[in-house]
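> Dropping in final18.csv, with CSV, C-alpha atoms and all ligand atoms.
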```csv
chain,number,residue,atom,x,y,z
A,1,MET,CA,-39.7,-0.9,24.8
A,2,HIS,CA,-36.6,-1.8,26.8
A,3,LYS,CA,-35.3,1.0,29.0
A,4,LEU,CA,-31.9,1.0,27.3
A,5,ALA,CA,-33.6,1.3,23.9
A,6,TRP,CA,-35.4,4.4,25.1
A,7,ILE,CA,-32.1,6.0,26.2
A,8,LEU,CA,-30.6,5.2,22.9
A,9,CYS,CA,-33.5,6.8,21.1
A,10,LEU,CA,-33.2,9.8,23.2
A,11,ALA,CA,-29.5,10.1,22.6
A,12,LEU,CA,-30.0,9.9,18.9
A,13,ALA,CA,-32.7,12.4,19.0
A,14,VAL,CA,-30.7,15.1,20.7
A,15,PRO,CA,-28.4,16.1,17.8
A,16,ALA,CA,-31.3,16.0,15.4
A,17,ALA,CA,-33.2,18.4,17.6
A,18,ALA,CA,-30.2,20.7,18.0
A,19,ALA,CA,-29.8,20.8,14.2
A,20,ALA,CA,-33.4,21.7,13.8
A,21,ASP,CA,-32.8,25.4,14.5
A,22,GLY,CA,-31.2,25.7,11.1
A,23,ARG,CA,-28.5,24.5,8.8
A,24,TRP,CA,-25.8,25.9,6.6
A,25,TYR,CA,-26.5,27.1,3.1
A,26,ARG,CA,-23.8,27.8,0.5
A,27,ARG,CA,-23.7,29.5,-2.9
A,28,GLU,CA,-20.8,30.3,-5.2
A,29,ALA,CA,-21.0,32.4,-8.3
A,30,ALA,CA,-18.9,34.6,-10.6
A,31,ALA,CA,-19.2,38.3,-9.9
A,32,MET,CA,-16.9,41.3,-9.7
A,33,GLY,CA,-14.4,39.6,-12.0
A,34,THR,CA,-13.8,36.9,-9.4
A,35,SER,CA,-15.5,34.1,-7.5
A,36,VAL,CA,-18.0,35.1,-4.9
A,37,ARG,CA,-18.9,32.8,-2.0
A,38,VAL,CA,-21.7,33.1,0.5
A,39,GLU,CA,-22.3,30.7,3.4
A,40,LEU,CA,-24.9,31.3,6.0
A,41,TRP,CA,-26.8,29.5,8.8
A,42,HIS,CA,-30.5,29.8,8.5
A,43,ALA,CA,-33.7,28.2,9.9
A,44,ASP,CA,-35.7,28.7,6.7
A,45,ALA,CA,-34.7,27.4,3.3
A,46,ALA,CA,-36.6,29.9,1.2
A,47,ALA,CA,-35.3,32.9,3.3
A,48,ALA,CA,-31.7,31.5,3.1
A,49,GLU,CA,-31.9,31.2,-0.7
A,50,ALA,CA,-33.4,34.7,-1.0
A,51,ALA,CA,-30.6,36.1,1.2
A,52,MET,CA,-27.9,34.5,-0.9
A,53,GLU,CA,-29.6,35.8,-4.0
A,54,ALA,CA,-29.7,39.3,-2.5
A,55,VAL,CA,-25.9,39.1,-1.8
A,56,LEU,CA,-25.1,38.2,-5.4
A,57,ALA,CA,-27.3,41.0,-6.7
A,58,GLU,CA,-25.6,43.5,-4.4
A,59,MET,CA,-22.2,42.4,-5.6
A,60,ARG,CA,-23.3,42.9,-9.2
A,61,ARG,CA,-24.8,46.3,-8.4
A,62,VAL,CA,-21.5,47.5,-6.8
A,63,ASP,CA,-19.5,46.2,-9.8
A,64,ALA,CA,-21.8,48.0,-12.2
A,65,LEU,CA,-21.1,51.2,-10.3
A,66,MET,CA,-17.4,50.9,-9.7
A,67,SER,CA,-15.8,48.7,-12.4
A,68,SER,CA,-13.2,50.3,-14.6
A,69,PHE,CA,-13.8,47.6,-17.2
A,70,ARG,CA,-17.4,48.6,-17.8
A,71,PRO,CA,-17.8,51.7,-20.0
A,72,GLY,CA,-21.2,52.4,-18.4
A,73,SER,CA,-20.0,52.5,-14.8
A,74,GLU,CA,-19.8,55.7,-12.8
A,75,LEU,CA,-16.1,55.1,-12.4
A,76,SER,CA,-15.6,55.0,-16.1
A,77,ARG,CA,-17.4,58.3,-16.5
A,78,ILE,CA,-15.0,59.8,-14.0
A,79,ASN,CA,-12.1,58.5,-16.0
A,80,ARG,CA,-13.5,60.0,-19.2
A,81,GLU,CA,-14.5,63.4,-17.9
A,82,ALA,CA,-12.7,64.3,-14.7
A,83,GLY,CA,-9.6,65.5,-16.6
A,84,ALA,CA,-11.7,68.3,-18.2
A,85,ARG,CA,-14.0,69.2,-15.2
A,86,ALA,CA,-15.2,68.2,-11.8
A,87,VAL,CA,-17.6,65.3,-12.0
A,88,ALA,CA,-20.4,64.9,-9.5
A,89,VAL,CA,-20.8,61.3,-8.3
A,90,SER,CA,-23.1,59.2,-6.1
A,91,PRO,CA,-22.7,59.4,-2.3
A,92,GLU,CA,-21.6,55.7,-2.2
A,93,LEU,CA,-18.8,56.1,-4.8
A,94,PHE,CA,-17.7,59.4,-3.3
A,95,ALA,CA,-17.5,57.9,0.2
A,96,LEU,CA,-15.3,55.0,-1.1
A,97,ILE,CA,-13.0,57.3,-3.0
A,98,ARG,CA,-12.6,59.4,0.2
A,99,ARG,CA,-11.8,56.2,2.2
A,100,ALA,CA,-9.2,55.3,-0.5
A,101,GLN,CA,-7.7,58.8,-0.1
A,102,ALA,CA,-7.5,58.5,3.6
A,103,ILE,CA,-5.5,55.2,3.2
A,104,SER,CA,-3.2,56.9,0.7
A,105,ALA,CA,-2.5,59.6,3.3
A,106,LEU,CA,-2.0,57.0,6.0
A,107,SER,CA,0.5,55.1,3.9
A,108,GLY,CA,2.5,57.9,2.3
A,109,GLY,CA,1.0,57.0,-1.0
A,110,ALA,CA,1.7,53.3,-1.1
A,111,PHE,CA,-2.0,52.8,-1.7
A,112,ASP,CA,-3.1,55.2,-4.5
A,113,ILE,CA,-6.1,54.7,-6.7
A,114,THR,CA,-4.4,57.0,-9.3
A,115,TYR,CA,-1.9,54.1,-9.8
A,116,ALA,CA,-4.2,53.3,-12.7
A,117,SER,CA,-2.6,56.1,-14.7
A,118,VAL,CA,0.2,53.6,-15.2
A,119,GLY,CA,-1.8,50.5,-14.3
A,120,HIS,CA,-3.8,50.6,-17.5
A,121,LEU,CA,-0.6,50.1,-19.5
A,122,TYR,CA,-0.4,46.5,-18.2
A,123,ASN,CA,-2.4,43.6,-19.5
A,124,PHE,CA,-1.7,40.5,-17.4
A,125,ARG,CA,-3.8,38.2,-19.5
A,126,GLN,CA,-2.1,39.2,-22.7
A,127,GLY,CA,1.4,39.4,-21.1
A,128,ILE,CA,1.8,43.2,-21.8
A,129,ALA,CA,3.9,45.5,-19.6
A,130,PRO,CA,4.9,49.1,-20.4
A,131,ASP,CA,8.5,49.9,-21.5
A,132,ASP,CA,10.6,52.4,-19.7
A,133,GLY,CA,9.6,55.3,-22.0
A,134,ALA,CA,5.9,54.7,-21.6
A,135,LEU,CA,6.3,54.4,-17.8
A,136,GLU,CA,8.3,57.6,-17.5
A,137,GLN,CA,5.6,59.5,-19.5
A,138,ALA,CA,2.7,58.2,-17.5
A,139,LEU,CA,4.2,58.2,-14.0
A,140,PRO,CA,3.7,61.9,-13.1
A,141,ALA,CA,-0.1,61.4,-13.3
A,142,VAL,CA,0.2,58.9,-10.3
A,143,ASP,CA,-0.4,61.2,-7.3
A,144,TYR,CA,-3.4,60.9,-5.0
A,145,ARG,CA,-2.9,64.5,-3.9
A,146,SER,CA,-3.8,65.7,-7.4
A,147,LEU,CA,-7.1,63.9,-7.2
A,148,VAL,CA,-9.3,66.7,-6.1
A,149,LEU,CA,-12.4,65.9,-4.0
A,150,ASP,CA,-15.1,68.5,-3.3
A,151,PRO,CA,-17.3,67.2,-0.5
A,152,ALA,CA,-19.9,70.0,-0.9
A,153,ALA,CA,-20.4,69.3,-4.6
A,154,ARG,CA,-19.6,65.6,-4.1
A,155,SER,CA,-17.3,65.9,-7.1
A,156,VAL,CA,-14.1,64.5,-8.3
A,157,ARG,CA,-11.5,66.2,-10.6
A,158,PHE,CA,-8.1,65.2,-12.0
A,159,ALA,CA,-5.5,67.9,-11.5
A,160,ARG,CA,-2.9,66.2,-13.8
A,161,PRO,CA,-3.1,65.2,-17.4
A,162,GLY,CA,-3.4,61.5,-18.1
A,163,MET,CA,-4.7,60.7,-14.7
A,164,ARG,CA,-7.0,57.7,-14.1
A,165,ILE,CA,-8.4,55.9,-11.1
A,166,ASP,CA,-9.2,52.3,-10.4
A,167,LEU,CA,-10.8,50.8,-7.3
A,168,GLY,CA,-9.6,47.2,-7.7
A,169,GLY,CA,-7.7,47.5,-4.4
A,170,ILE,CA,-10.8,48.4,-2.3
A,171,ALA,CA,-14.1,47.8,-4.1
A,172,LYS,CA,-14.4,44.1,-3.4
A,173,GLY,CA,-14.0,44.7,0.3
A,174,HIS,CA,-16.7,47.4,0.1
A,175,ALA,CA,-19.0,44.9,-1.7
A,176,VAL,CA,-18.4,42.3,1.0
A,177,ASP,CA,-19.2,44.8,3.7
A,178,ARG,CA,-22.4,45.7,2.0
A,179,ALA,CA,-23.3,42.1,1.7
A,180,ILE,CA,-22.7,41.5,5.4
A,181,ALA,CA,-24.9,44.5,6.3
A,182,LEU,CA,-27.6,43.2,4.1
A,183,LEU,CA,-27.5,39.8,5.7
A,184,ARG,CA,-27.6,41.3,9.2
A,185,ALA,CA,-30.6,43.4,8.2
A,186,ARG,CA,-32.3,40.1,7.2
A,187,GLY,CA,-31.6,38.7,10.7
A,188,VAL,CA,-28.7,36.4,9.7
A,189,ARG,CA,-26.3,36.0,12.6
A,190,GLU,CA,-23.7,33.5,11.2
A,191,ALA,CA,-22.3,33.9,7.7
A,192,LEU,CA,-19.2,34.1,5.6
A,193,VAL,CA,-19.0,36.3,2.4
A,194,SER,CA,-16.0,36.4,0.2
A,195,ALA,CA,-15.1,38.0,-3.1
A,196,GLY,CA,-11.8,36.7,-4.4
A,197,GLY,CA,-9.3,37.4,-1.6
A,198,ASP,CA,-11.6,39.5,0.5
A,199,THR,CA,-13.7,37.8,3.2
A,200,ARG,CA,-15.8,38.8,6.1
A,201,ILE,CA,-17.1,36.5,8.8
A,202,LEU,CA,-20.3,37.3,10.8
A,203,GLY,CA,-20.5,35.4,14.1
A,204,ASP,CA,-18.8,32.1,14.2
A,205,HIS,CA,-19.2,28.6,12.6
A,206,HIS,CA,-22.1,27.7,14.9
A,207,GLY,CA,-20.1,27.5,18.2
A,208,ARG,CA,-16.7,26.9,16.6
A,209,PRO,CA,-14.3,29.3,14.8
A,210,TRP,CA,-14.0,29.2,11.0
A,211,LEU,CA,-10.7,27.7,10.0
A,212,THR,CA,-9.3,30.0,7.2
A,213,GLY,CA,-6.2,29.0,5.3
A,214,ILE,CA,-3.6,31.4,3.9
A,215,ARG,CA,-2.4,29.9,0.7
A,216,ASP,CA,1.3,29.1,0.1
A,217,PRO,CA,2.1,31.6,-2.7
A,218,ARG,CA,4.3,29.2,-4.6
A,219,ARG,CA,2.2,26.0,-4.3
A,220,PRO,CA,-1.1,25.1,-6.0
A,221,PRO,CA,-4.3,26.5,-4.6
A,222,GLY,CA,-5.5,24.5,-1.6
A,223,THR,CA,-2.2,24.2,0.0
A,224,SER,CA,-2.2,26.4,3.2
A,225,ALA,CA,0.9,28.0,4.6
A,226,VAL,CA,-1.0,29.2,7.7
A,227,VAL,CA,-4.4,28.3,9.1
A,228,LEU,CA,-6.2,30.9,11.3
A,229,PRO,CA,-9.2,30.2,13.5
A,230,LEU,CA,-11.5,33.1,13.0
A,231,ALA,CA,-14.9,34.6,14.1
A,232,ASP,CA,-16.4,38.1,13.7
A,233,THR,CA,-13.7,39.5,11.5
A,234,ALA,CA,-12.7,40.5,8.1
A,235,ILE,CA,-9.6,39.0,6.3
A,236,SER,CA,-8.1,40.0,3.0
A,237,THR,CA,-5.1,38.5,1.1
A,238,SER,CA,-3.2,40.2,-1.7
A,239,GLY,CA,-0.9,37.9,-3.6
A,240,ASP,CA,1.5,38.1,-6.5
A,241,TYR,CA,0.0,34.9,-7.9
A,242,GLU,CA,-3.5,36.2,-8.5
A,243,ARG,CA,-2.9,38.0,-11.8
A,244,TYR,CA,0.5,37.8,-13.4
A,245,PHE,CA,2.7,36.7,-16.2
A,246,GLU,CA,6.4,35.9,-16.3
A,247,ARG,CA,9.0,37.1,-18.8
A,248,ASP,CA,12.7,36.4,-18.6
A,249,GLY,CA,12.3,35.0,-15.1
A,250,VAL,CA,10.6,38.2,-13.9
A,251,ARG,CA,7.1,38.0,-12.5
A,252,TYR,CA,4.8,40.9,-13.6
A,253,HIS,CA,1.8,41.0,-11.3
A,254,HIS,CA,-1.1,43.3,-10.5
A,255,ILE,CA,0.0,45.1,-7.3
A,256,ILE,CA,1.9,48.2,-8.5
A,257,SER,CA,4.2,50.5,-6.6
A,258,PRO,CA,2.9,54.0,-7.2
A,259,ARG,CA,6.5,55.3,-6.9
A,260,THR,CA,8.0,53.2,-9.6
A,261,GLY,CA,5.0,52.2,-11.7
A,262,ARG,CA,6.3,48.6,-11.5
A,263,PRO,CA,5.0,45.5,-9.6
A,264,ALA,CA,6.0,45.7,-5.9
A,265,ARG,CA,8.6,43.1,-5.1
A,266,ALA,CA,9.1,42.8,-1.3
A,267,ALA,CA,6.4,40.3,-0.6
A,268,ARG,CA,4.6,37.3,-2.1
A,269,SER,CA,1.5,37.7,-0.1
A,270,VAL,CA,0.0,39.9,2.5
A,271,THR,CA,-3.0,39.0,4.7
A,272,ILE,CA,-4.7,41.6,6.9
A,273,LEU,CA,-7.2,41.0,9.6
A,274,GLY,CA,-9.5,43.8,10.8
A,275,PRO,CA,-13.0,44.9,11.6
A,276,ASP,CA,-14.3,45.4,8.1
A,277,ALA,CA,-13.4,44.2,4.6
A,278,THR,CA,-13.1,47.7,3.0
A,279,THR,CA,-10.2,48.3,5.4
A,280,THR,CA,-8.6,44.9,5.2
A,281,ASP,CA,-8.8,45.0,1.3
A,282,ALA,CA,-7.2,48.3,1.0
A,283,LEU,CA,-4.6,47.6,3.7
A,284,SER,CA,-3.6,44.2,2.2
A,285,THR,CA,-2.7,46.0,-1.1
A,286,THR,CA,-1.0,48.8,0.9
A,287,VAL,CA,1.2,46.5,3.0
A,288,PHE,CA,2.1,44.5,0.0
A,289,VAL,CA,3.4,47.7,-1.7
A,290,LEU,CA,5.2,48.8,1.6
A,291,GLY,CA,6.9,45.4,2.1
A,292,PRO,CA,7.4,43.5,5.4
A,293,ARG,CA,9.4,46.2,7.3
A,294,ALA,CA,7.5,49.3,6.6
A,295,GLY,CA,4.2,47.3,6.3
A,296,LEU,CA,4.5,45.8,9.7
A,297,ALA,CA,5.4,49.1,11.2
A,298,LEU,CA,2.2,50.6,9.8
A,299,VAL,CA,0.1,47.7,11.0
A,300,GLU,CA,1.5,48.0,14.6
A,301,ARG,CA,0.4,51.7,14.6
A,302,LEU,CA,-3.2,50.7,13.7
A,303,GLU,CA,-5.7,49.7,16.4
A,304,GLY,CA,-7.4,46.3,15.7
A,305,ILE,CA,-5.4,45.4,12.6
A,306,GLU,CA,-3.1,42.3,12.3
A,307,ALA,CA,-1.0,41.0,9.5
A,308,VAL,CA,0.6,37.8,8.1
A,309,ILE,CA,3.2,38.6,5.5
A,310,ILE,CA,5.0,36.0,3.3
A,311,ASP,CA,8.1,37.9,2.1
A,312,ALA,CA,10.0,37.6,-1.1
A,313,ALA,CA,12.1,34.7,0.3
A,314,GLY,CA,9.1,32.8,1.5
A,315,ARG,CA,9.5,33.7,5.2
A,316,VAL,CA,6.4,34.3,7.3
A,317,HIS,CA,6.1,37.4,9.4
A,318,TYR,CA,3.3,38.0,12.0
A,319,SER,CA,2.2,41.2,13.6
A,320,SER,CA,2.5,41.4,17.4
A,321,GLY,CA,-1.2,40.5,18.1
A,322,LEU,CA,-0.7,37.2,16.3
A,323,ALA,CA,2.9,36.3,16.9
A,324,PRO,CA,3.4,33.3,19.2
A,325,PRO,CA,4.7,34.4,22.7
B,1,LIG,P1,-7.2,41.2,-5.7
B,1,LIG,O1,-7.8,42.0,-6.8
B,1,LIG,O2,-6.4,40.1,-6.2
B,1,LIG,O3,-8.0,40.8,-4.5
B,1,LIG,P2,-5.8,43.2,-4.2
B,1,LIG,O4,-6.8,43.5,-3.1
B,1,LIG,O5,-4.4,43.0,-3.7
B,1,LIG,O6,-6.1,42.1,-5.2
B,1,LIG,O7,-5.7,44.4,-5.1
B,1,LIG,C1,-5.0,44.5,-6.3
B,1,LIG,C2,-5.7,45.4,-7.2
B,1,LIG,O8,-5.6,46.7,-6.6
B,1,LIG,C3,-5.1,45.5,-8.5
B,1,LIG,O9,-5.7,44.6,-9.4
B,1,LIG,C4,-5.4,46.9,-8.9
B,1,LIG,O10,-6.7,47.0,-9.4
B,1,LIG,C5,-5.3,47.7,-7.6
B,1,LIG,N1,-4.0,48.2,-7.3
B,1,LIG,C6,-2.8,47.8,-7.7
B,1,LIG,N2,-1.8,48.5,-7.1
B,1,LIG,C7,-2.4,49.5,-6.3
B,1,LIG,C8,-1.9,50.5,-5.5
B,1,LIG,N3,-0.6,50.8,-5.3
B,1,LIG,N4,-2.9,51.3,-4.9
B,1,LIG,C9,-4.2,51.0,-5.0
B,1,LIG,N5,-4.7,50.1,-5.8
B,1,LIG,C10,-3.8,49.3,-6.4
B,2,MG,MG,-6.6,44.5,-1.4
```
Mind converting the file's structure to structure tokens?
Ligand code: ADP
Ligand code: MG


Amino acid sequence: MHKLAWILCLALAVPAAAAADGRWYRREAAAMGTSVRVELWHADAAAAEAAMEAVLAEMRRVDALMSSFRPGSELSRINREAGARAVAVSPELFALIRRAQAISALSGGAFDITYASVGHLYNFRQGIAPDDGALEQALPAVDYRSLVLDPAARSVRFARPGMRIDLGGIAKGHAVDRAIALLRARGVREALVSAGGDTRILGDHHGRPWLTGIRDPRRPPGTSAVVLPLADTAISTSGDYERYFERDGVRYHHIISPRTGRPARAARSVTILGPDATTTDALSTTVFVLGPRAGLALVERLEGIEAVIIDAAGRVHYSSGLAPP
């Protein structure tokens, strides 16, 4: 063979050899009331498929434990019984409720899982929102300080009549973290797992960062307002476009101010970056409720947390760790 031909063969063989240490695998499925996506780099097809299957099974397990829509979930049992007496719960659920309570304390109650005491009066699919009277009656039950946790008994009790809890602002992040832990334990070193607006990235995109878009809240899905290059991080977005209906020009959406019982109005979307998805999920909801000013002030106080906020006028605000110099 001609010398040049050998060199060409060699050059063509190099990328193929480099790719032989693995390839990307990808799966999307419905779980936790949203779309779950898993992408991972793996050297072995069967092991990759098994790992993705395990992630989806884990998501379904967490949902079965924590969904407020499933009458058989542990969370639903709390909502039925904790008004009458302390209810003992699993270590996993108890730990997540404690985490939620810590974020309530951190945010002066902007994040509050007892928001559900009024939250259940909304139905975004059917276009139902409570009237003033119903809100006024239900609002006193929204108070995280009246959600009594007993670590010794691992129990939960409602100290106010009409109280309910919902983990919609934190459970998907928890499930994503569980999924990443599970992938790590299987030896996966590069992966992305997302459930709706909550994503965690393990490693990078095989030598390059993942390019993650933040959607423009008033344009169709797929149009990015901001693109961030990311590796080894969690990122969550809360938006007023996820679940909402409009009446008389007013947008009723699913992120509720615990103070008023009405949808929070100061932002269109909030994106939080941080070390784990449980934190970024809860904080994206929190900062959405707080709005750009108080929200950014909170983010600046927290180590390792950054934010991108699109405010009610469509302006983009960045925390100091992201802002261009
Ligand atoms: P998504 O479910 O679209 O990912 P978020 O992470 O922003 O959205 O969480 C919104 C969900 O959080 C709501 O659907 C509801 O279950 C819950 N939630 C709404 N308001 C609050 C609040 N003030 N504190 C805690 N959880 C809330
Ligand atoms: Mg959230």

> Please provide as a PyMOL selection string all residues within 6 Å of stretch 156-170 of chain A, with the sequence filter that same-chain residues fewer than 3 positions apart are discarded (counting all atoms listed in the file).

chain A and resi 79+82-83+86-87+113-114+116-117+141+146-149+173+278+281-282

> Could the residues in this selection be written to a file with C-alpha atoms, as a PDB file, in the frame of the given file?


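Done, and the output landed in out18.pdb:
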```
ATOM      1  CA  ASN A  79     -12.100  58.500 -16.000  1.00  0.00           C
ATOM      2  CA  ALA A  82     -12.700  64.300 -14.700  1.00  0.00           C
ATOM      3  CA  GLY A  83      -9.600  65.500 -16.600  1.00  0.00           C
ATOM      4  CA  ALA A  86     -15.200  68.200 -11.800  1.00  0.00           C
ATOM      5  CA  VAL A  87     -17.600  65.300 -12.000  1.00  0.00           C
ATOM      6  CA  ILE A 113      -6.100  54.700  -6.700  1.00  0.00           C
ATOM      7  CA  THR A 114      -4.400  57.000  -9.300  1.00  0.00           C
ATOM      8  CA  ALA A 116      -4.200  53.300 -12.700  1.00  0.00           C
ATOM      9  CA  SER A 117      -2.600  56.100 -14.700  1.00  0.00           C
ATOM     10  CA  ALA A 141      -0.100  61.400 -13.300  1.00  0.00           C
ATOM     11  CA  SER A 146      -3.800  65.700  -7.400  1.00  0.00           C
ATOM     12  CA  LEU A 147      -7.100  63.900  -7.200  1.00  0.00           C
ATOM     13  CA  VAL A 148      -9.300  66.700  -6.100  1.00  0.00           C
ATOM     14  CA  LEU A 149     -12.400  65.900  -4.000  1.00  0.00           C
ATOM     15  CA  GLY A 173     -14.000  44.700   0.300  1.00  0.00           C
ATOM     16  CA  THR A 278     -13.100  47.700   3.000  1.00  0.00           C
ATOM     17  CA  ASP A 281      -8.800  45.000   1.300  1.00  0.00           C
ATOM     18  CA  ALA A 282      -7.200  48.300   1.000  1.00  0.00           C
TER      19      ALA A 282
END
```

> Could you give me, as a tab-separated table, a per-residue list for stretch 164-244 of chain A showing, wherever an atom lies at most 12 Å from an atom of stretch 35-52 of chain A, the closest pair of atoms and their distance in Å to one decimal, using all atoms listed in the file and sorting by chain then residue number from low to high?


```
residue	atom	partner	partner_atom	distance
A:Lys172	CA	A:Val36	CA	9.8
A:Gly173	CA	A:Val36	CA	11.6
A:Ala175	CA	A:Val36	CA	10.4
A:Val176	CA	A:Val36	CA	9.3
A:Ala179	CA	A:Val38	CA	9.2
A:Ile180	CA	A:Val38	CA	9.8
A:Ala181	CA	A:Ala51	CA	11.4
A:Leu182	CA	A:Ala51	CA	8.2
A:Leu183	CA	A:Ala51	CA	6.6
A:Arg184	CA	A:Ala51	CA	10.0
A:Ala185	CA	A:Ala51	CA	10.1
A:Arg186	CA	A:Ala51	CA	7.4
A:Gly187	CA	A:His42	CA	9.2
A:Val188	CA	A:His42	CA	6.9
A:Arg189	CA	A:Trp41	CA	7.5
A:Glu190	CA	A:Trp41	CA	5.6
A:Ala191	CA	A:Leu40	CA	4.1
A:Leu192	CA	A:Glu39	CA	5.1
A:Val193	CA	A:Val38	CA	4.6
A:Ser194	CA	A:Arg37	CA	5.1
A:Ala195	CA	A:Val36	CA	4.5
A:Gly196	CA	A:Ser35	CA	5.5
A:Gly197	CA	A:Ser35	CA	9.2
A:Asp198	CA	A:Val36	CA	9.5
A:Thr199	CA	A:Arg37	CA	8.9
A:Arg200	CA	A:Val38	CA	9.9
A:Ile201	CA	A:Glu39	CA	9.5
A:Leu202	CA	A:Leu40	CA	9.0
A:Gly203	CA	A:Leu40	CA	10.1
A:Asp204	CA	A:Trp41	CA	10.0
A:His205	CA	A:Trp41	CA	8.5
A:His206	CA	A:Trp41	CA	7.9
A:Gly207	CA	A:Trp41	CA	11.7
A:Trp210	CA	A:Glu39	CA	11.4
```

> Can you work out which one of A:Ala110, A:Leu121, A:Leu273, A:Ala31 has the shortest atom-to-atom distance to A:Gly295, counting only C-alpha atoms?

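For A:Gly295, the nearest of the given residues is A:Ala110.
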
> In Å, how far is it from atom CA of A:Tyr115 to atom CA of A:Leu139?

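Atom CA of A:Leu139 lies 8.5 Å from atom CA of A:Tyr115.
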
> Need to verify the contact set: stretch 254-270 of chain A, 7 Å, only C-alpha atoms, exclusion of same-chain residues closer than 3 positions in sequence. Can you return it as an mmCIF file with C-alpha atoms, keeping the file's coordinate frame?


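Okay, this is what ended up in out-v7.cif:
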```cif
data_model
loop_
_atom_site.group_PDB
_atom_site.id
_atom_site.type_symbol
_atom_site.label_atom_id
_atom_site.label_comp_id
_atom_site.auth_asym_id
_atom_site.auth_seq_id
_atom_site.Cartn_x
_atom_site.Cartn_y
_atom_site.Cartn_z
ATOM 1 C CA ALA A 110 1.700 53.300 -1.100
ATOM 2 C CA ASP A 112 -3.100 55.200 -4.500
ATOM 3 C CA TYR A 115 -1.900 54.100 -9.800
ATOM 4 C CA VAL A 118 0.200 53.600 -15.200
ATOM 5 C CA LEU A 135 6.300 54.400 -17.800
ATOM 6 C CA LEU A 139 4.200 58.200 -14.000
ATOM 7 C CA VAL A 142 0.200 58.900 -10.300
ATOM 8 C CA PRO A 217 2.100 31.600 -2.700
ATOM 9 C CA THR A 237 -5.100 38.500 1.100
ATOM 10 C CA SER A 238 -3.200 40.200 -1.700
ATOM 11 C CA GLY A 239 -0.900 37.900 -3.600
ATOM 12 C CA ASP A 240 1.500 38.100 -6.500
ATOM 13 C CA ARG A 243 -2.900 38.000 -11.800
ATOM 14 C CA TYR A 244 0.500 37.800 -13.400
ATOM 15 C CA SER A 284 -3.600 44.200 2.200
ATOM 16 C CA THR A 285 -2.700 46.000 -1.100
ATOM 17 C CA VAL A 287 1.200 46.500 3.000
ATOM 18 C CA PHE A 288 2.100 44.500 0.000
ATOM 19 C CA VAL A 289 3.400 47.700 -1.700
ATOM 20 C CA GLY A 291 6.900 45.400 2.100
ATOM 21 C CA PRO A 292 7.400 43.500 5.400
ATOM 22 C CA VAL A 308 0.600 37.800 8.100
ATOM 23 C CA ILE A 309 3.200 38.600 5.500
ATOM 24 C CA ILE A 310 5.000 36.000 3.300
ATOM 25 C CA ASP A 311 8.100 37.900 2.100
ATOM 26 C CA ALA A 312 10.000 37.600 -1.100
#
```
